[in-house]
>>> print(open('structure_20.cif').read())   # mmCIF, C-alpha atoms
data_coords
#
loop_
_atom_site.label_atom_id
_atom_site.label_comp_id
_atom_site.auth_asym_id
_atom_site.auth_seq_id
_atom_site.Cartn_x
_atom_site.Cartn_y
_atom_site.Cartn_z
CA SER P 13 10.88 -20.09 -19.26
CA ASP P 14 9.90 -21.98 -16.09
CA ASP P 15 13.32 -21.20 -14.62
CA PRO P 16 12.76 -18.52 -11.91
CA HIS P 17 16.32 -17.22 -12.37
CA ALA P 18 16.16 -16.87 -16.18
CA ARG P 19 15.04 -13.22 -15.99
CA ASP P 20 17.93 -12.33 -13.66
CA ARG P 21 20.46 -14.00 -15.97
CA GLY P 22 18.95 -12.16 -18.94
CA ALA P 23 19.14 -8.83 -17.13
CA ARG P 24 22.80 -9.47 -16.41
CA ALA P 25 23.71 -10.76 -19.91
CA PHE P 26 21.82 -8.08 -21.88
CA PRO P 27 24.32 -5.24 -21.18
CA GLU P 28 27.15 -7.34 -22.58
CA LEU P 29 25.77 -6.58 -26.06
CA PRO P 30 27.47 -3.62 -27.83
CA PHE P 31 24.81 -0.91 -27.41
CA ASN P 32 25.44 2.85 -27.74
CA HIS P 33 23.76 3.57 -24.39
CA ILE P 34 21.86 1.57 -21.77
CA VAL P 35 19.09 2.94 -19.56
CA PHE P 36 18.44 0.65 -16.59
CA THR P 37 15.54 0.86 -14.16
CA GLY P 38 15.62 -1.44 -11.16
CA GLY P 39 17.42 -2.22 -7.94
CA PRO P 40 21.04 -1.68 -6.93
CA VAL P 41 22.03 -5.38 -6.92
CA VAL P 42 21.26 -5.93 -10.61
CA ALA P 43 22.40 -2.36 -11.42
CA ARG P 44 25.93 -3.28 -10.32
CA ASP P 45 25.89 -6.27 -12.68
CA VAL P 46 24.56 -4.08 -15.51
CA MET P 47 27.32 -1.51 -14.92
CA ARG P 48 30.00 -4.21 -14.76
CA ALA P 49 28.83 -5.88 -17.99
CA ALA P 50 28.40 -2.55 -19.83
CA ALA P 51 31.91 -1.50 -18.79
CA GLU P 52 33.35 -4.34 -20.89
CA ASN P 53 32.08 -2.51 -24.02
CA LEU P 54 32.64 0.98 -22.56
CA THR P 55 28.89 1.51 -22.94
CA PRO P 56 27.51 4.52 -21.05
CA VAL P 57 24.74 3.65 -18.59
CA THR P 58 21.94 5.71 -17.08
CA LEU P 59 20.55 4.25 -13.85
CA GLU P 60 17.13 4.88 -12.34
CA LEU P 61 17.16 2.94 -9.08
CA GLY P 62 13.71 3.69 -7.71
CA GLY P 63 13.22 4.48 -4.08
CA LYS P 64 10.72 5.08 -1.33
CA CYS P 65 8.58 7.69 -3.20
CA PRO P 66 6.87 9.43 -0.26
CA VAL P 67 3.54 11.25 -0.43
CA PHE P 68 2.61 13.99 2.02
CA ILE P 69 -1.05 14.78 2.69
CA SER P 70 -1.62 18.23 4.17
CA ARG P 71 -4.27 18.93 6.79
CA GLY P 72 -6.23 20.95 4.24
CA ALA P 73 -6.47 18.09 1.74
CA ASP P 74 -9.61 16.09 1.00
CA ILE P 75 -8.55 12.83 2.70
CA LYS P 76 -10.94 10.61 0.74
CA GLU P 77 -9.85 12.07 -2.59
CA ALA P 78 -6.15 11.87 -1.64
CA ALA P 79 -6.51 8.24 -0.50
CA GLY P 80 -8.30 7.34 -3.73
CA ARG P 81 -5.63 8.91 -5.90
CA ILE P 82 -2.77 7.38 -3.92
CA ILE P 83 -4.28 3.88 -3.98
CA GLY P 84 -5.13 4.29 -7.66
CA GLY P 85 -1.46 5.03 -8.34
CA LYS P 86 -0.21 2.38 -5.93
CA LEU P 87 -2.17 -0.46 -7.49
CA VAL P 88 -1.16 0.21 -11.09
CA ASN P 89 0.72 -2.95 -12.07
CA SER P 90 0.36 -4.11 -8.43
CA GLY P 91 2.68 -1.35 -7.24
CA GLN P 92 5.50 -2.49 -9.52
CA VAL P 93 6.16 0.93 -11.04
CA CYS P 94 9.23 2.91 -10.03
CA VAL P 95 7.23 6.06 -9.31
CA SER P 96 4.55 4.20 -7.34
CA PRO P 97 3.94 5.83 -3.94
CA ASP P 98 5.72 3.74 -1.29
CA TYR P 99 4.50 5.51 1.81
CA ALA P 100 2.18 8.33 2.78
CA TRP P 101 2.44 10.84 5.61
CA VAL P 102 -1.10 11.43 6.91
CA PRO P 103 -2.30 13.79 9.66
CA ARG P 104 -2.61 11.61 12.80
CA GLU P 105 -6.27 12.56 13.28
CA SER P 106 -7.07 11.44 9.69
CA MET P 107 -5.35 8.02 9.72
CA GLU P 108 -8.50 5.89 10.11
CA GLN P 109 -10.42 7.98 7.58
CA PHE P 110 -7.51 7.56 5.12
CA ILE P 111 -7.39 3.77 5.66
CA ALA P 112 -11.17 3.42 5.19
CA ALA P 113 -11.07 5.51 2.00
CA ALA P 114 -8.11 3.49 0.69
CA LYS P 115 -10.03 0.25 1.27
CA GLU P 116 -13.06 1.67 -0.50
CA LYS P 117 -11.00 2.69 -3.54
CA ALA P 118 -9.13 -0.64 -3.71
CA ALA P 119 -12.39 -2.60 -3.47
CA SER P 120 -13.90 -0.52 -6.28
CA MET P 121 -10.86 -1.22 -8.47
CA PHE P 122 -10.66 -4.93 -7.62
CA PRO P 123 -13.89 -6.33 -6.14
CA THR P 124 -12.23 -9.77 -6.23
CA LEU P 125 -8.60 -10.77 -6.46
CA SER P 126 -8.66 -14.49 -7.13
CA ASN P 127 -8.65 -15.34 -10.83
CA ASN P 128 -8.94 -11.63 -11.67
CA ALA P 129 -7.15 -10.96 -14.98
CA ASP P 130 -7.10 -7.22 -14.18
CA TYR P 131 -4.94 -7.69 -11.06
CA THR P 132 -1.27 -8.09 -11.98
CA SER P 133 1.05 -10.88 -10.82
CA MET P 134 4.28 -10.06 -9.03
CA PHE P 135 7.43 -9.89 -11.14
CA GLY P 136 9.51 -12.84 -10.02
CA GLN P 137 9.06 -15.26 -7.16
CA ASN P 138 12.03 -13.74 -5.30
CA ASN P 139 10.48 -10.27 -5.17
CA MET P 140 7.17 -11.66 -3.91
CA GLN P 141 8.83 -13.77 -1.21
CA ARG P 142 11.04 -10.87 -0.12
CA LEU P 143 8.00 -8.60 0.22
CA LEU P 144 6.03 -11.26 2.13
CA GLN P 145 8.98 -11.72 4.48
CA ARG P 146 9.11 -7.96 5.15
CA LEU P 147 5.36 -7.94 5.85
CA ASP P 148 5.69 -10.92 8.20
CA MET P 149 8.56 -9.21 10.03
CA ALA P 150 6.46 -6.06 10.43
CA LYS P 151 3.52 -8.07 11.80
CA ALA P 152 5.84 -9.96 14.17
CA ALA P 153 7.07 -6.58 15.47
CA GLY P 154 3.48 -5.63 16.31
CA THR P 155 2.81 -3.49 13.24
CA ARG P 156 -0.76 -3.36 11.97
CA VAL P 157 -1.08 -4.79 8.45
CA GLU P 158 -4.49 -3.95 6.94
CA PRO P 159 -5.73 -5.90 3.91
CA LEU P 160 -7.22 -3.59 1.28
CA VAL P 161 -9.49 -6.11 -0.44
CA SER P 162 -11.43 -9.09 0.95
CA ASN P 163 -9.72 -8.97 4.36
CA PHE P 164 -6.99 -11.17 2.92
CA TYR P 165 -3.24 -10.88 3.38
CA GLY P 166 -0.76 -13.03 1.43
CA ILE P 167 -0.52 -14.85 -1.89
CA ILE P 168 -3.77 -15.14 -3.82
CA ASP P 169 -3.00 -17.24 -6.89
CA GLU P 170 -0.83 -17.05 -9.99
CA HIS P 171 1.92 -15.22 -8.05
CA LYS P 172 -0.42 -12.43 -7.02
CA LEU P 173 0.05 -10.67 -3.69
CA ALA P 174 -2.99 -9.15 -2.00
CA PRO P 175 -2.72 -5.36 -1.53
CA VAL P 176 -2.22 -4.10 2.02
CA ILE P 177 -1.60 -0.99 4.08
CA VAL P 178 1.12 -1.15 6.73
CA VAL P 179 0.22 1.26 9.53
CA ASP P 180 3.06 3.19 11.19
CA PRO P 181 5.90 0.63 11.09
CA ASP P 182 9.05 1.27 13.09
CA ASP P 183 11.60 3.15 10.97
CA GLU P 184 14.18 0.39 11.51
CA LEU P 185 12.06 -2.37 9.91
CA ASP P 186 13.00 -3.51 6.39
CA ILE P 187 9.51 -2.62 5.15
CA MET P 188 10.30 1.01 6.00
CA ARG P 189 13.94 1.06 4.93
CA LYS P 190 13.64 -0.59 1.51
CA GLU P 191 11.44 0.04 -1.51
CA SER P 192 8.35 -2.18 -1.46
CA PHE P 193 7.90 -2.48 -5.25
CA GLY P 194 4.59 -4.24 -4.82
CA PRO P 195 1.00 -3.71 -3.63
CA VAL P 196 2.04 -2.44 -0.18
CA LEU P 197 1.39 1.11 0.99
CA ILE P 198 2.95 2.28 4.25
CA VAL P 199 1.02 4.95 6.14
CA LYS P 200 2.81 7.10 8.71
CA PRO P 201 1.10 9.64 10.97
CA TYR P 202 2.40 13.13 11.59
CA ASP P 203 1.50 15.75 14.18
CA ASN P 204 3.13 18.87 12.75
#
>>> encode(input="structure_20.cif", output="C-alpha cells")
Amino acid sequence: SDDPHARDRGARAFPELPFNHIVFTGGPVVARDVMRAAAENLTPVTLELGGKCPVFISRGADIKEAAGRIIGGKLVNSGQVCVSPDYAWVPRESMEQFIAAAKEKAASMFPTLSNNADYTSMFGQNNMQRLLQRLDMAKAAGTRVEPLVSNFYGIIDEHKLAPVIVVDPDDELDIMRKESFGPVLIVKPYDN
C-alpha cells in the first residue's frame, strides 16, 4: 500500500484476531495498542520492546576488530534489529581510532549507498523522520555527527538513511535517551 499509516493500522488490528498467544517486538506506543486489542480476546502477549543495547569495549580489546564487529552488527538491516548495538563505550584515548575503523568497515560493506540494493530502506517514513530529527537536534546542540560512508548525512534515496556515528552526545538528548532503531551508532568515551 502507498498509505504510510497502513502498517501501523495493521499492527494494531492484527491482535484483534483470536490467536492462542501473541509475541510482539517493537516500541511501547504500538505495544500498548497490541495489549489493548489482545485483551479483548483474553490472548496472552509476550512483549520484547527493544532498548539501547550498549556495548562496552575494554582497554585490552583490539579496537579495530571491535569496531568492525560492532559496525557489522549495527548495519544489518540498517540497524533495524532489536539486538542491534545502539551505543558503544570506548576508552577515551581510542575514540578516534574506533571511529576510523568503523568508517573503514562501513565503507567495505557499502562502498556506495545510492541505488545500492544491498543497503536496506528504513521501515516507515515516520521512523526515518523521527531519527533524522534526533540527529538534527544533536547537531544543533553541538554534537559531532560523523558520516560512515561517502561523507554524507541524511536521506539517500528510496527511504534509505545514511549510516552515521554520533560522538559523545549529551545524556539528555533524545538520541541518547531513546532507541535509535536505524543506522546510527552512538559512541561515548570513558576514563575508568
>>> residues_around(input="structure_20.cif", residues="P:Thr37", least_positions_apart="6", cutoff="7 Å", atoms="only C-alpha atoms", output="VMD selection string")
chain P and resid 59 to 61
>>> resolve_selection(input="structure_20.cif", expression="the PyMOL selection byres ((chain P and resi 113) around 10)", output="list in words")
Ile75, Lys76, Glu77, Ala78, Ala79, Gly80, Ile83, Met107, Glu108, Gln109, Phe110, Ile111, Ala112, Ala114, Lys115, Glu116, Lys117, Ala118, Ala119 and Leu160 of chain P
>>> axis_aligned_box(input="structure_20.cif", around="stretch 46-60 of chain P", padding_each_side="5 Å", output="JSON")
{"center_x": 25.2, "center_y": -0.1, "center_z": -18.2, "size_x": 26.2, "size_y": 21.6, "size_z": 21.7}
>>> closest_residue(input="structure_20.cif", among="P:Val95, P:Leu54, P:Val46, P:Val41", to="P:Phe26", atoms="all atoms listed in the file")
P:Val46
>>> resolve_selection(input="structure_20.cif", expression="the PyMOL selection byres ((chain P and resi 161) around 9)", output="list of chain:residue names")
P:Lys115, P:Glu116, P:Ala118, P:Ala119, P:Phe122, P:Pro123, P:Thr124, P:Leu125, P:Pro159, P:Leu160, P:Ser162, P:Asn163, P:Phe164, P:Tyr165, P:Ala174, P:Pro175, P:Val176
>>> closest_residue(input="structure_20.cif", among="P:Ile82, P:Val42, P:Met121, P:Ile69", to="P:Trp101", atoms="all atoms listed in the file")
P:Ile69
>>> resolve_selection(input="structure_20.cif", expression="the PyMOL selection byres ((chain P and resi 32) around 12)", output="MDAnalysis selection string")
chainID P and resid 27:31 33:35 50:51 53:58
>>> closest_residue(input="structure_20.cif", among="P:Glu191, P:Asp74, P:Glu105, P:Asp180", to="P:Asn139", atoms="all atoms listed in the file")
P:Glu191
>>> decode(input="structure_20.cif", residues="stretch 66-77 of chain P", atoms="all heavy atoms", output="compact mmCIF listing (two decimals), in the first residue's frame")
# COMPACT_ATOMS: atom_id res chain seq x y z
N PRO P 66 23.67 -1.43 24.85
CA PRO P 66 25.03 -0.89 24.93
C PRO P 66 26.10 -1.95 24.65
O PRO P 66 25.87 -3.14 24.83
CB PRO P 66 25.13 -0.40 26.37
CG PRO P 66 24.20 -1.28 27.12
CD PRO P 66 23.07 -1.58 26.17
N VAL P 67 27.25 -1.48 24.20
CA VAL P 67 28.44 -2.31 24.01
C VAL P 67 29.57 -1.63 24.77
O VAL P 67 29.72 -0.41 24.70
CB VAL P 67 28.82 -2.41 22.52
CG1 VAL P 67 30.10 -3.20 22.33
CG2 VAL P 67 27.70 -3.00 21.70
N PHE P 68 30.35 -2.41 25.49
CA PHE P 68 31.47 -1.87 26.24
C PHE P 68 32.76 -2.46 25.68
O PHE P 68 32.89 -3.68 25.59
CB PHE P 68 31.33 -2.23 27.74
CG PHE P 68 32.43 -1.69 28.59
CD1 PHE P 68 32.37 -0.40 29.09
CD2 PHE P 68 33.54 -2.47 28.88
CE1 PHE P 68 33.39 0.10 29.87
CE2 PHE P 68 34.57 -1.98 29.66
CZ PHE P 68 34.49 -0.69 30.16
N ILE P 69 33.69 -1.60 25.31
CA ILE P 69 34.97 -2.05 24.77
C ILE P 69 36.03 -1.82 25.84
O ILE P 69 36.27 -0.68 26.25
CB ILE P 69 35.34 -1.29 23.48
CG1 ILE P 69 34.25 -1.49 22.43
CG2 ILE P 69 36.70 -1.75 22.97
CD1 ILE P 69 34.43 -0.64 21.21
N SER P 70 36.66 -2.90 26.28
CA SER P 70 37.68 -2.78 27.33
C SER P 70 38.98 -2.22 26.74
O SER P 70 39.19 -2.26 25.52
CB SER P 70 37.94 -4.13 27.98
OG SER P 70 38.61 -4.98 27.08
N ARG P 71 39.83 -1.76 27.61
CA ARG P 71 41.12 -1.21 27.17
C ARG P 71 41.99 -2.29 26.53
O ARG P 71 42.84 -1.98 25.70
CB ARG P 71 41.83 -0.55 28.34
CG ARG P 71 41.26 0.80 28.67
CD ARG P 71 42.23 1.68 29.43
NE ARG P 71 41.86 3.07 29.24
CZ ARG P 71 40.88 3.67 29.89
NH1 ARG P 71 40.17 3.01 30.78
NH2 ARG P 71 40.60 4.94 29.64
N GLY P 72 41.80 -3.52 26.87
CA GLY P 72 42.61 -4.60 26.32
C GLY P 72 42.12 -5.11 24.97
O GLY P 72 42.78 -5.94 24.35
N ALA P 73 40.99 -4.61 24.51
CA ALA P 73 40.41 -5.11 23.25
C ALA P 73 41.16 -4.57 22.04
O ALA P 73 41.78 -3.51 22.08
CB ALA P 73 38.95 -4.69 23.16
N ASP P 74 41.08 -5.32 20.95
CA ASP P 74 41.59 -4.87 19.66
C ASP P 74 40.53 -3.90 19.11
O ASP P 74 39.45 -4.32 18.70
CB ASP P 74 41.77 -6.07 18.73
CG ASP P 74 42.28 -5.71 17.35
OD1 ASP P 74 41.86 -4.66 16.80
OD2 ASP P 74 43.09 -6.48 16.81
N ILE P 75 40.84 -2.61 19.13
CA ILE P 75 39.86 -1.56 18.77
C ILE P 75 39.36 -1.73 17.34
O ILE P 75 38.15 -1.62 17.08
CB ILE P 75 40.45 -0.15 18.99
CG1 ILE P 75 40.80 0.07 20.46
CG2 ILE P 75 39.51 0.93 18.47
CD1 ILE P 75 39.61 0.04 21.41
N LYS P 76 40.26 -2.01 16.42
CA LYS P 76 39.86 -2.16 15.01
C LYS P 76 38.91 -3.35 14.84
O LYS P 76 37.89 -3.24 14.17
CB LYS P 76 41.09 -2.31 14.12
CG LYS P 76 40.75 -2.37 12.65
CD LYS P 76 41.97 -2.39 11.77
CE LYS P 76 41.54 -2.43 10.32
NZ LYS P 76 42.65 -2.33 9.40
N GLU P 77 39.24 -4.46 15.47
CA GLU P 77 38.39 -5.64 15.38
C GLU P 77 37.03 -5.38 16.04
O GLU P 77 35.99 -5.73 15.49
CB GLU P 77 39.08 -6.84 16.05
CG GLU P 77 38.28 -8.11 15.98
CD GLU P 77 38.99 -9.28 16.64
OE1 GLU P 77 39.92 -9.07 17.44
OE2 GLU P 77 38.58 -10.41 16.34
